[in-house]
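query21.json, holding JSON, C-alpha atoms and all ligand atoms:
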```
[["chain", "number", "residue", "atom", "x", "y", "z"],
["K", 1134, "MET", "CA", 0.00, 0.00, 0.00],
["K", 1135, "ASP", "CA", 1.13, 3.57, -0.70],
["K", 1136, "VAL", "CA", 0.74, 5.93, 2.24],
["K", 1137, "VAL", "CA", 0.69, 9.62, 1.36],
["K", 1138, "VAL", "CA", 0.59, 12.13, 4.21],
["K", 1139, "ASN", "CA", -0.63, 15.69, 3.74],
["K", 1140, "ALA", "CA", -1.07, 18.40, 6.35],
["K", 1141, "ALA", "CA", -0.99, 22.15, 6.73],
["K", 1142, "MET", "CA", 1.13, 23.78, 9.42],
["K", 1143, "SER", "CA", 2.21, 27.22, 10.60],
["K", 1144, "VAL", "CA", 5.85, 28.30, 10.10],
["K", 1145, "ASP", "CA", 6.48, 26.99, 13.63],
["K", 1146, "GLY", "CA", 5.08, 23.56, 12.79],
["K", 1147, "LYS", "CA", 1.68, 23.76, 14.49],
["K", 1148, "LEU", "CA", -1.40, 22.03, 13.06],
["K", 1149, "SER", "CA", -3.84, 24.00, 15.21],
["K", 1150, "THR", "CA", -3.97, 26.20, 18.29],
["K", 1151, "ARG", "CA", -3.55, 25.08, 21.89],
["K", 1152, "ARG", "CA", -7.37, 25.07, 22.06],
["K", 1153, "ARG", "CA", -7.39, 22.46, 19.24],
["K", 1154, "GLU", "CA", -9.83, 24.60, 17.33],
["K", 1155, "GLN", "CA", -9.73, 24.04, 13.60],
["K", 1156, "LEU", "CA", -7.44, 26.65, 12.08],
["K", 1157, "LYS", "CA", -7.59, 27.65, 8.42],
["K", 1158, "ILE", "CA", -3.93, 27.55, 7.46],
["K", 1159, "SER", "CA", -4.43, 26.68, 3.78],
["K", 1160, "GLY", "CA", -5.73, 29.14, 1.21],
["K", 1161, "GLU", "CA", -8.13, 28.26, -1.62],
["K", 1162, "ALA", "CA", -5.39, 26.98, -3.95],
["K", 1163, "ASP", "CA", -4.07, 24.65, -1.26],
["K", 1164, "PHE", "CA", -7.55, 23.29, -0.47],
["K", 1165, "ASP", "CA", -7.88, 22.56, -4.22],
["K", 1166, "ARG", "CA", -4.58, 20.68, -4.06],
["K", 1167, "VAL", "CA", -5.90, 18.72, -1.04],
["K", 1168, "ASP", "CA", -9.04, 17.84, -3.04],
["K", 1169, "ARG", "CA", -6.89, 16.48, -5.88],
["K", 1170, "LEU", "CA", -4.84, 14.42, -3.42],
["K", 1171, "ARG", "CA", -8.05, 13.07, -1.85],
["K", 1172, "ALA", "CA", -9.42, 12.27, -5.30],
["K", 1173, "ALA", "CA", -6.32, 10.27, -6.24],
["K", 1174, "ALA", "CA", -6.58, 8.15, -3.06],
["K", 1175, "ASP", "CA", -8.70, 5.09, -2.37],
["K", 1176, "ALA", "CA", -9.25, 6.37, 1.17],
["K", 1177, "VAL", "CA", -8.55, 9.38, 3.40],
["K", 1178, "MET", "CA", -7.54, 8.73, 7.02],
["K", 1179, "VAL", "CA", -7.44, 10.73, 10.27],
["K", 1180, "GLY", "CA", -7.04, 9.91, 13.96],
["K", 1181, "VAL", "CA", -10.07, 10.11, 16.24],
["K", 1182, "GLY", "CA", -8.50, 13.19, 17.88],
["K", 1183, "THR", "CA", -9.12, 15.03, 14.62],
["K", 1184, "VAL", "CA", -12.69, 13.68, 14.41],
["K", 1185, "LEU", "CA", -13.39, 14.94, 17.95],
["K", 1186, "ALA", "CA", -11.72, 18.33, 17.34],
["K", 1187, "ASP", "CA", -12.85, 19.13, 13.77],
["K", 1188, "ASP", "CA", -15.77, 16.83, 12.90],
["K", 1189, "PRO", "CA", -14.29, 16.51, 9.36],
["K", 1190, "HIS", "CA", -16.27, 15.16, 6.40],
["K", 1191, "LEU", "CA", -13.22, 14.11, 4.33],
["K", 1192, "THR", "CA", -15.06, 14.06, 1.03],
["K", 1193, "LEU", "CA", -14.37, 16.16, -2.06],
["K", 1194, "ASP", "CA", -17.39, 18.44, -2.19],
["K", 1195, "ASP", "CA", -21.06, 18.14, -2.96],
["K", 1196, "ASP", "CA", -20.73, 19.01, -6.65],
["K", 1197, "ASP", "CA", -21.18, 15.61, -8.36],
["K", 1198, "ARG", "CA", -19.68, 16.76, -11.67],
["K", 1199, "ARG", "CA", -16.55, 18.06, -9.97],
["K", 1200, "VAL", "CA", -16.16, 14.83, -7.96],
["K", 1201, "HIS", "CA", -16.52, 12.80, -11.15],
["K", 1202, "ARG", "CA", -13.89, 14.90, -12.95],
["K", 1203, "LEU", "CA", -11.40, 14.86, -10.05],
["K", 1204, "ARG", "CA", -11.91, 11.12, -9.54],
["K", 1205, "ASN", "CA", -11.11, 10.50, -13.18],
["K", 1206, "GLY", "CA", -14.32, 8.56, -13.68],
["K", 1207, "ARG", "CA", -14.04, 6.45, -10.53],
["K", 1208, "PRO", "CA", -17.42, 6.37, -8.78],
["K", 1209, "GLY", "CA", -18.12, 8.54, -5.74],
["K", 1210, "ASN", "CA", -15.85, 9.83, -3.01],
["K", 1211, "PRO", "CA", -12.80, 8.01, -1.67],
["K", 1212, "ALA", "CA", -13.49, 5.98, 1.47],
["K", 1213, "ARG", "CA", -12.81, 7.48, 4.91],
["K", 1214, "VAL", "CA", -10.77, 5.85, 7.69],
["K", 1215, "VAL", "CA", -10.50, 6.64, 11.40],
["K", 1216, "ALA", "CA", -7.85, 5.19, 13.73],
["K", 1217, "ASP", "CA", -10.16, 4.93, 16.72],
["K", 1218, "SER", "CA", -8.80, 2.49, 19.35],
["K", 1219, "ARG", "CA", -11.70, 2.92, 21.79],
["K", 1220, "ALA", "CA", -14.42, 3.63, 19.18],
["K", 1221, "ARG", "CA", -14.89, 7.21, 20.42],
["K", 1222, "THR", "CA", -16.22, 8.54, 17.11],
["K", 1223, "PRO", "CA", -19.57, 10.17, 18.01],
["K", 1224, "ALA", "CA", -22.61, 8.53, 16.40],
["K", 1225, "ASP", "CA", -23.53, 11.87, 14.78],
["K", 1226, "ALA", "CA", -20.03, 12.54, 13.39],
["K", 1227, "ARG", "CA", -20.08, 13.80, 9.79],
["K", 1228, "ILE", "CA", -17.55, 11.10, 8.88],
["K", 1229, "LEU", "CA", -20.28, 8.47, 9.46],
["K", 1230, "ASP", "CA", -22.77, 9.89, 6.96],
["K", 1231, "ASP", "CA", -23.45, 8.00, 3.74],
["K", 1232, "ALA", "CA", -21.45, 10.29, 1.43],
["K", 1233, "ALA", "CA", -18.70, 7.62, 1.34],
["K", 1234, "GLU", "CA", -17.71, 4.26, 2.82],
["K", 1235, "THR", "CA", -16.17, 4.64, 6.29],
["K", 1236, "HIS", "CA", -13.70, 2.22, 7.91],
["K", 1237, "LEU", "CA", -13.09, 2.42, 11.66],
["K", 1238, "LEU", "CA", -9.98, 0.70, 13.02],
["K", 1239, "VAL", "CA", -10.68, -0.24, 16.65],
["K", 1240, "THR", "CA", -9.00, -2.42, 19.28],
["K", 1241, "ASP", "CA", -10.12, -4.62, 22.18],
["K", 1242, "ALA", "CA", -10.32, -1.41, 24.24],
["K", 1243, "ALA", "CA", -13.53, -0.54, 22.36],
["K", 1244, "THR", "CA", -16.61, -1.83, 24.16],
["K", 1245, "GLU", "CA", -19.07, -4.00, 22.29],
["K", 1246, "SER", "CA", -21.76, -1.36, 22.72],
["K", 1247, "ARG", "CA", -19.56, 1.37, 21.16],
["K", 1248, "ARG", "CA", -18.69, -0.90, 18.23],
["K", 1249, "GLU", "CA", -22.36, -1.72, 17.70],
["K", 1250, "ALA", "CA", -23.32, 1.94, 17.89],
["K", 1251, "LEU", "CA", -20.85, 2.74, 15.12],
["K", 1252, "ALA", "CA", -21.68, -0.27, 12.95],
["K", 1253, "GLY", "CA", -25.35, 0.72, 13.32],
["K", 1254, "ALA", "CA", -24.70, 3.93, 11.39],
["K", 1255, "GLY", "CA", -25.31, 2.01, 8.16],
["K", 1256, "GLU", "CA", -24.01, -0.58, 5.74],
["K", 1257, "HIS", "CA", -21.40, 1.88, 4.47],
["K", 1258, "VAL", "CA", -19.69, 1.81, 7.93],
["K", 1259, "HIS", "CA", -17.18, -0.98, 8.54],
["K", 1260, "VAL", "CA", -15.69, -1.63, 11.98],
["K", 1261, "HIS", "CA", -12.37, -3.53, 11.88],
["K", 1262, "PRO", "CA", -11.05, -4.94, 15.18],
["K", 1263, "VAL", "CA", -7.22, -4.94, 15.03],
["K", 1264, "ASP", "CA", -4.33, -5.62, 17.42],
["K", 1265, "THR", "CA", -2.80, -2.96, 19.63],
["K", 1266, "ASP", "CA", 0.72, -1.56, 19.31],
["K", 1267, "ASP", "CA", 3.20, -1.05, 22.20],
["K", 1268, "SER", "CA", 1.38, 2.07, 23.36],
["K", 1269, "GLY", "CA", -2.08, 0.48, 23.34],
["K", 1270, "HIS", "CA", -3.23, 2.20, 20.12],
["K", 1271, "VAL", "CA", -4.25, 0.63, 16.83],
["K", 1272, "ASP", "CA", -1.34, -1.39, 15.41],
["K", 1273, "LEU", "CA", -1.09, 0.49, 12.14],
["K", 1274, "THR", "CA", 0.66, -2.30, 10.22],
["K", 1275, "ALA", "CA", -2.28, -4.58, 11.07],
["K", 1276, "GLY", "CA", -4.75, -1.75, 10.43],
["K", 1277, "LEU", "CA", -3.35, -1.02, 6.99],
["K", 1278, "ALA", "CA", -3.45, -4.73, 6.15],
["K", 1279, "ALA", "CA", -7.17, -4.75, 7.02],
["K", 1280, "LEU", "CA", -7.67, -1.76, 4.73],
["K", 1281, "GLU", "CA", -5.75, -3.48, 1.95],
["K", 1282, "SER", "CA", -8.11, -6.46, 2.27],
["K", 1283, "ALA", "CA", -10.94, -3.97, 1.74],
["K", 1284, "GLY", "CA", -9.35, -2.91, -1.59],
["K", 1285, "ILE", "CA", -7.52, 0.20, -0.39],
["K", 1286, "ASP", "CA", -4.11, 0.48, -2.10],
["K", 1287, "ARG", "CA", -3.48, 4.22, -1.90],
["K", 1288, "LEU", "CA", -4.13, 5.85, 1.46],
["K", 1289, "MET", "CA", -3.97, 9.58, 2.10],
["K", 1290, "VAL", "CA", -3.48, 10.52, 5.76],
["K", 1291, "GLU", "CA", -4.37, 14.05, 6.94],
["K", 1292, "GLY", "CA", -3.28, 13.82, 10.60],
["K", 1293, "GLY", "CA", -3.30, 14.73, 13.34],
["K", 1294, "GLY", "CA", 0.09, 14.79, 15.02],
["K", 1295, "GLU", "CA", -0.42, 11.71, 17.21],
["K", 1296, "LEU", "CA", -1.41, 9.51, 14.28],
["K", 1297, "LEU", "CA", 1.42, 10.87, 12.12],
["K", 1298, "SER", "CA", 3.90, 10.14, 14.91],
["K", 1299, "SER", "CA", 2.82, 6.48, 14.99],
["K", 1300, "LEU", "CA", 2.94, 6.21, 11.20],
["K", 1301, "PHE", "CA", 6.50, 7.56, 11.09],
["K", 1302, "ARG", "CA", 7.52, 5.33, 14.01],
["K", 1303, "ALA", "CA", 6.18, 2.27, 12.19],
["K", 1304, "GLY", "CA", 8.01, 3.32, 8.99],
["K", 1305, "LEU", "CA", 4.76, 3.40, 7.04],
["K", 1306, "VAL", "CA", 5.01, 6.84, 5.39],
["K", 1307, "ASP", "CA", 5.91, 6.78, 1.68],
["K", 1308, "GLU", "CA", 5.33, 10.44, 0.76],
["K", 1309, "LEU", "CA", 4.73, 13.65, 2.68],
["K", 1310, "SER", "CA", 3.43, 16.97, 1.43],
["K", 1311, "VAL", "CA", 3.14, 19.81, 3.87],
["K", 1312, "TYR", "CA", 1.72, 23.26, 3.27],
["K", 1313, "VAL", "CA", 3.54, 25.86, 5.36],
["K", 1314, "GLY", "CA", 1.26, 28.85, 5.88],
["K", 1315, "SER", "CA", 2.78, 32.24, 6.64],
["K", 1316, "LEU", "CA", 1.65, 32.58, 10.23],
["K", 1317, "VAL", "CA", 2.99, 31.82, 13.69],
["K", 1318, "VAL", "CA", 0.72, 29.94, 16.10],
["K", 1319, "GLY", "CA", 3.06, 29.08, 18.95],
["K", 1320, "GLY", "CA", 2.21, 27.34, 22.19],
["K", 1321, "ARG", "CA", 3.95, 24.37, 23.75],
["K", 1322, "ASP", "CA", 0.63, 22.55, 23.93],
["K", 1323, "ALA", "CA", -0.51, 23.21, 20.38],
["K", 1324, "PRO", "CA", -0.55, 20.05, 18.17],
["K", 1325, "THR", "CA", 2.43, 19.84, 15.80],
["K", 1326, "LEU", "CA", 2.97, 17.91, 12.58],
["K", 1327, "VAL", "CA", 4.49, 15.00, 14.51],
["K", 1328, "ASP", "CA", 3.68, 14.70, 18.22],
["K", 1329, "GLY", "CA", 3.87, 11.47, 20.22],
["K", 1330, "ASP", "CA", 7.03, 11.01, 22.31],
["K", 1331, "GLY", "CA", 9.36, 12.21, 19.54],
["K", 1332, "PHE", "CA", 12.58, 10.57, 18.34],
["K", 1333, "VAL", "CA", 15.99, 10.66, 20.05],
["K", 1334, "GLU", "CA", 17.59, 8.36, 17.48],
["K", 1335, "GLY", "CA", 16.58, 6.62, 14.28],
["K", 1336, "PHE", "CA", 15.03, 9.84, 12.97],
["K", 1337, "PRO", "CA", 12.85, 9.23, 9.90],
["K", 1338, "ARG", "CA", 14.70, 10.80, 6.95],
["K", 1339, "LEU", "CA", 13.05, 12.37, 3.94],
["K", 1340, "ASP", "CA", 14.16, 13.35, 0.45],
["K", 1341, "LEU", "CA", 13.02, 16.82, -0.57],
["K", 1342, "ARG", "CA", 11.48, 16.26, -4.02],
["K", 1343, "ASP", "CA", 9.90, 19.63, -4.79],
["K", 1344, "VAL", "CA", 9.04, 23.07, -3.46],
["K", 1345, "GLU", "CA", 6.09, 25.12, -4.70],
["K", 1346, "ARG", "CA", 4.93, 28.61, -3.77],
["K", 1347, "LEU", "CA", 1.12, 28.53, -3.31],
["K", 1348, "ASP", "CA", -1.32, 31.14, -1.95],
["K", 1349, "ASP", "CA", 0.84, 33.04, 0.56],
["K", 1350, "GLY", "CA", 2.72, 29.93, 1.65],
["K", 1351, "VAL", "CA", 4.87, 27.05, 0.41],
["K", 1352, "VAL", "CA", 4.23, 23.38, -0.33],
["K", 1353, "LEU", "CA", 7.10, 21.03, 0.47],
["K", 1354, "TRP", "CA", 7.06, 17.59, -1.17],
["K", 1355, "TYR", "CA", 9.09, 14.75, 0.33],
["K", 1356, "ASP", "CA", 9.64, 11.05, -0.36],
["K", 1357, "ALA", "CA", 10.52, 8.77, 2.53],
["K", 1358, "VAL", "CA", 14.09, 7.48, 2.32],
["V", 1401, "LIG", "N1", -3.56, 21.43, 9.91],
["V", 1401, "LIG", "C1", -3.78, 20.18, 9.52],
["V", 1401, "LIG", "O1", -3.44, 19.80, 8.39],
["V", 1401, "LIG", "C2", -4.44, 19.23, 10.48],
["V", 1401, "LIG", "C3", -4.71, 17.93, 10.05],
["V", 1401, "LIG", "C4", -5.29, 17.04, 10.96],
["V", 1401, "LIG", "C5", -5.55, 17.44, 12.25],
["V", 1401, "LIG", "N2", -5.26, 18.70, 12.64],
["V", 1401, "LIG", "C6", -5.46, 19.12, 14.04],
["V", 1401, "LIG", "O2", -4.82, 18.18, 14.88],
["V", 1401, "LIG", "C7", -5.53, 18.10, 16.13],
["V", 1401, "LIG", "C8", -5.84, 16.65, 16.42],
["V", 1401, "LIG", "O3", -4.66, 15.92, 16.44],
["V", 1401, "LIG", "P1", -4.31, 14.88, 17.59],
["V", 1401, "LIG", "O4", -2.86, 14.61, 17.48],
["V", 1401, "LIG", "O5", -4.91, 15.35, 18.86],
["V", 1401, "LIG", "O6", -5.17, 13.61, 17.19],
["V", 1401, "LIG", "P2", -5.09, 12.53, 16.01],
["V", 1401, "LIG", "O7", -6.05, 12.92, 14.95],
["V", 1401, "LIG", "O8", -3.68, 12.22, 15.65],
["V", 1401, "LIG", "O9", -5.75, 11.28, 16.77],
["V", 1401, "LIG", "C9", -5.05, 10.67, 17.85],
["V", 1401, "LIG", "C10", -5.94, 9.61, 18.46],
["V", 1401, "LIG", "O10", -6.12, 8.56, 17.52],
["V", 1401, "LIG", "C11", -6.24, 7.34, 18.19],
["V", 1401, "LIG", "N3", -5.28, 6.37, 17.63],
["V", 1401, "LIG", "C12", -5.58, 5.10, 17.27],
["V", 1401, "LIG", "N4", -4.50, 4.47, 16.85],
["V", 1401, "LIG", "C13", -3.47, 5.33, 16.94],
["V", 1401, "LIG", "C14", -2.09, 5.20, 16.68],
["V", 1401, "LIG", "N5", -1.56, 4.08, 16.23],
["V", 1401, "LIG", "N6", -1.31, 6.27, 16.93],
["V", 1401, "LIG", "C15", -1.81, 7.42, 17.40],
["V", 1401, "LIG", "N7", -3.12, 7.60, 17.68],
["V", 1401, "LIG", "C16", -3.95, 6.54, 17.45],
["V", 1401, "LIG", "C17", -5.97, 7.58, 19.65],
["V", 1401, "LIG", "O11", -7.21, 7.60, 20.33],
["V", 1401, "LIG", "C18", -5.33, 8.96, 19.68],
["V", 1401, "LIG", "O12", -5.69, 9.67, 20.85],
["V", 1401, "LIG", "C19", -6.76, 18.93, 15.97],
["V", 1401, "LIG", "O13", -6.55, 20.14, 16.63],
["V", 1401, "LIG", "C20", -6.89, 19.13, 14.46],
["V", 1401, "LIG", "O14", -7.49, 20.38, 14.16],
["V", 1401, "LIG", "C21", -4.74, 19.61, 11.78],
["V", 1402, "LIG", "N1", -4.91, 20.94, 4.32],
["V", 1402, "LIG", "C1", -5.42, 21.51, 5.43],
["V", 1402, "LIG", "N2", -5.33, 22.85, 5.59],
["V", 1402, "LIG", "C2", -5.80, 23.45, 6.71],
["V", 1402, "LIG", "O1", -5.70, 24.68, 6.84],
["V", 1402, "LIG", "C3", -6.42, 22.64, 7.72],
["V", 1402, "LIG", "N3", -6.93, 23.21, 8.85],
["V", 1402, "LIG", "C4", -6.49, 21.26, 7.51],
["V", 1402, "LIG", "N4", -7.06, 20.46, 8.44],
["V", 1402, "LIG", "C5", -7.16, 19.03, 8.18],
["V", 1402, "LIG", "C6", -8.15, 18.38, 9.09],
["V", 1402, "LIG", "O2", -8.17, 16.98, 8.89],
["V", 1402, "LIG", "C7", -9.55, 18.85, 8.85],
["V", 1402, "LIG", "O3", -10.33, 18.19, 9.79],
["V", 1402, "LIG", "C8", -10.07, 18.46, 7.47],
["V", 1402, "LIG", "O4", -9.38, 19.15, 6.47],
["V", 1402, "LIG", "C9", -11.52, 18.84, 7.34],
["V", 1402, "LIG", "O5", -11.98, 18.22, 6.20],
["V", 1402, "LIG", "P1", -13.43, 18.59, 5.61],
["V", 1402, "LIG", "O6", -13.31, 19.98, 5.08],
["V", 1402, "LIG", "O7", -14.41, 18.50, 6.72],
["V", 1402, "LIG", "O8", -13.64, 17.56, 4.53],
["V", 1402, "LIG", "N5", -5.98, 20.73, 6.37]]
```
Output the file's structure in the form of structure tokens.
Amino acid sequence: MDVVVNAAMSVDGKLSTRRREQLKISGEADFDRVDRLRAAADAVMVGVGTVLADDPHLTLDDDDRRVHRLRNGRPGNPARVVADSRARTPADARILDDAAETHLLVTDAATESRREALAGAGEHVHVHPVDTDDSGHVDLTAGLAALESAGIDRLMVEGGGELLSSLFRAGLVDELSVYVGSLVVGGRDAPTLVDGDGFVEGFPRLDLRDVERLDDGVVLWYDAV
């Protein structure tokens, strides 16, 4: 499977404010770029922290003709994926509506009643029980294998920083694009591109492939080494 990460951050590497409120870092041209990346993917993934903070929809938009064009004839929106160890996605989350298939990766820490509540959202919602990793979260290697079995070969991951940390730690990132907006957010408690415990050795290395000026910021394109 190809794993393509995309996020938008401030010049000081923050994904949002210390209040975790959604922050518009991208301009219109960058959101168009994000739509094209989503369209080229079989599925778009976030961590449940992002679902709880932003209530994202993760589809292209509601214009059927535009979706069709961006998807190059492939039907509908890409699927949506949530890494959701304890099945905390709220039953009324936008990500559970029927605009696309939704895959929830959960672990044994999710109660049966939470799993059933999510599966009850409709036939387009698929709950996958997977093993836990060393820190008790979804084992992403196992989770991605479950997604592959569901026909997902190209996965776009939008964050947040905890999920991206685990993906880098597991060596699962193939490509990274990051939009750097021209603003400073600051705050030691504001989410950054890669949170988790951080690395003290074995730092993931990246090859800078391209740099593009867009809106009033910059897009950096990297391949994993
Ligand atoms: N600017 C951007 O591009 C962008 C993109 C996404 C999110 N965000 C922001 O990031 C913040 C949310 O990020 P976050 O880091 O709190 O949450 P997150 O989205 O990374 O989700 C983390 C949660 O996912 C679950 N999880 C399951 N398996 C996991 C695993 N293997 N590794 C890590 N987590 C796993 C855990 O419950 C964990 O608490 C919000 O403020 C949101 O607005 C910004
Ligand atoms: N590329 C990008 N630029 C930003 O300025 C920003 N705040 C995000 N944030 C990503 C996060 O995952 C959001 O929750 C989804 O971008 C919301 O997606 P929807 O519009 O609901 O489909 N992403």
Residues within 6 Å of ligand LIG 1401 (chain V), counting all atoms listed in the file, as a VMD selection string: chain K and resid 1140 to 1142 1148 to 1149 1153 to 1155 1179 to 1183 1186 to 1187 1216 to 1218 1270 to 1273 1291 to 1296 1299 1324
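The closest residue to Val1258 in chain K, picked from K:Ile1285, K:Ala1212, K:Ala1243, K:Ala1279 and counting all atoms listed in the file, is K:Ala1212.
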Expected residue set, 10 Å radius at (-6.4, 23.8, 5.4), only C-alpha atoms, as an NGL selection string: :K and (1140-1142 or 1148 or 1155-1165 or 1167 or 1312 or 1314)
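Distance-wise, CA of Thr1265 in chain K and CA of Pro1223 in chain K end up 21.4 Å apart.
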Coordinates-based distance that separates CA of Val1136 in chain K from CA of Arg1287 in chain K (Å, one decimal): 6.2 Å
Nearest to Ala1232 in chain K, chosen from K:Leu1170, K:Val1352, K:Val1200, K:Ala1250, with all atoms listed in the file counted in the distances: K:Val1200
Coordinates of box centre and edge lengths for range 1186-1205 of chain K, 8 Å on every side, axis-aligned, as lines of an AutoDock Vina configuration file:
```
center_x = -16.1
center_y = 14.8
center_z = 2.1
size_x = 26.1
size_y = 24.6
size_z = 46.5
```
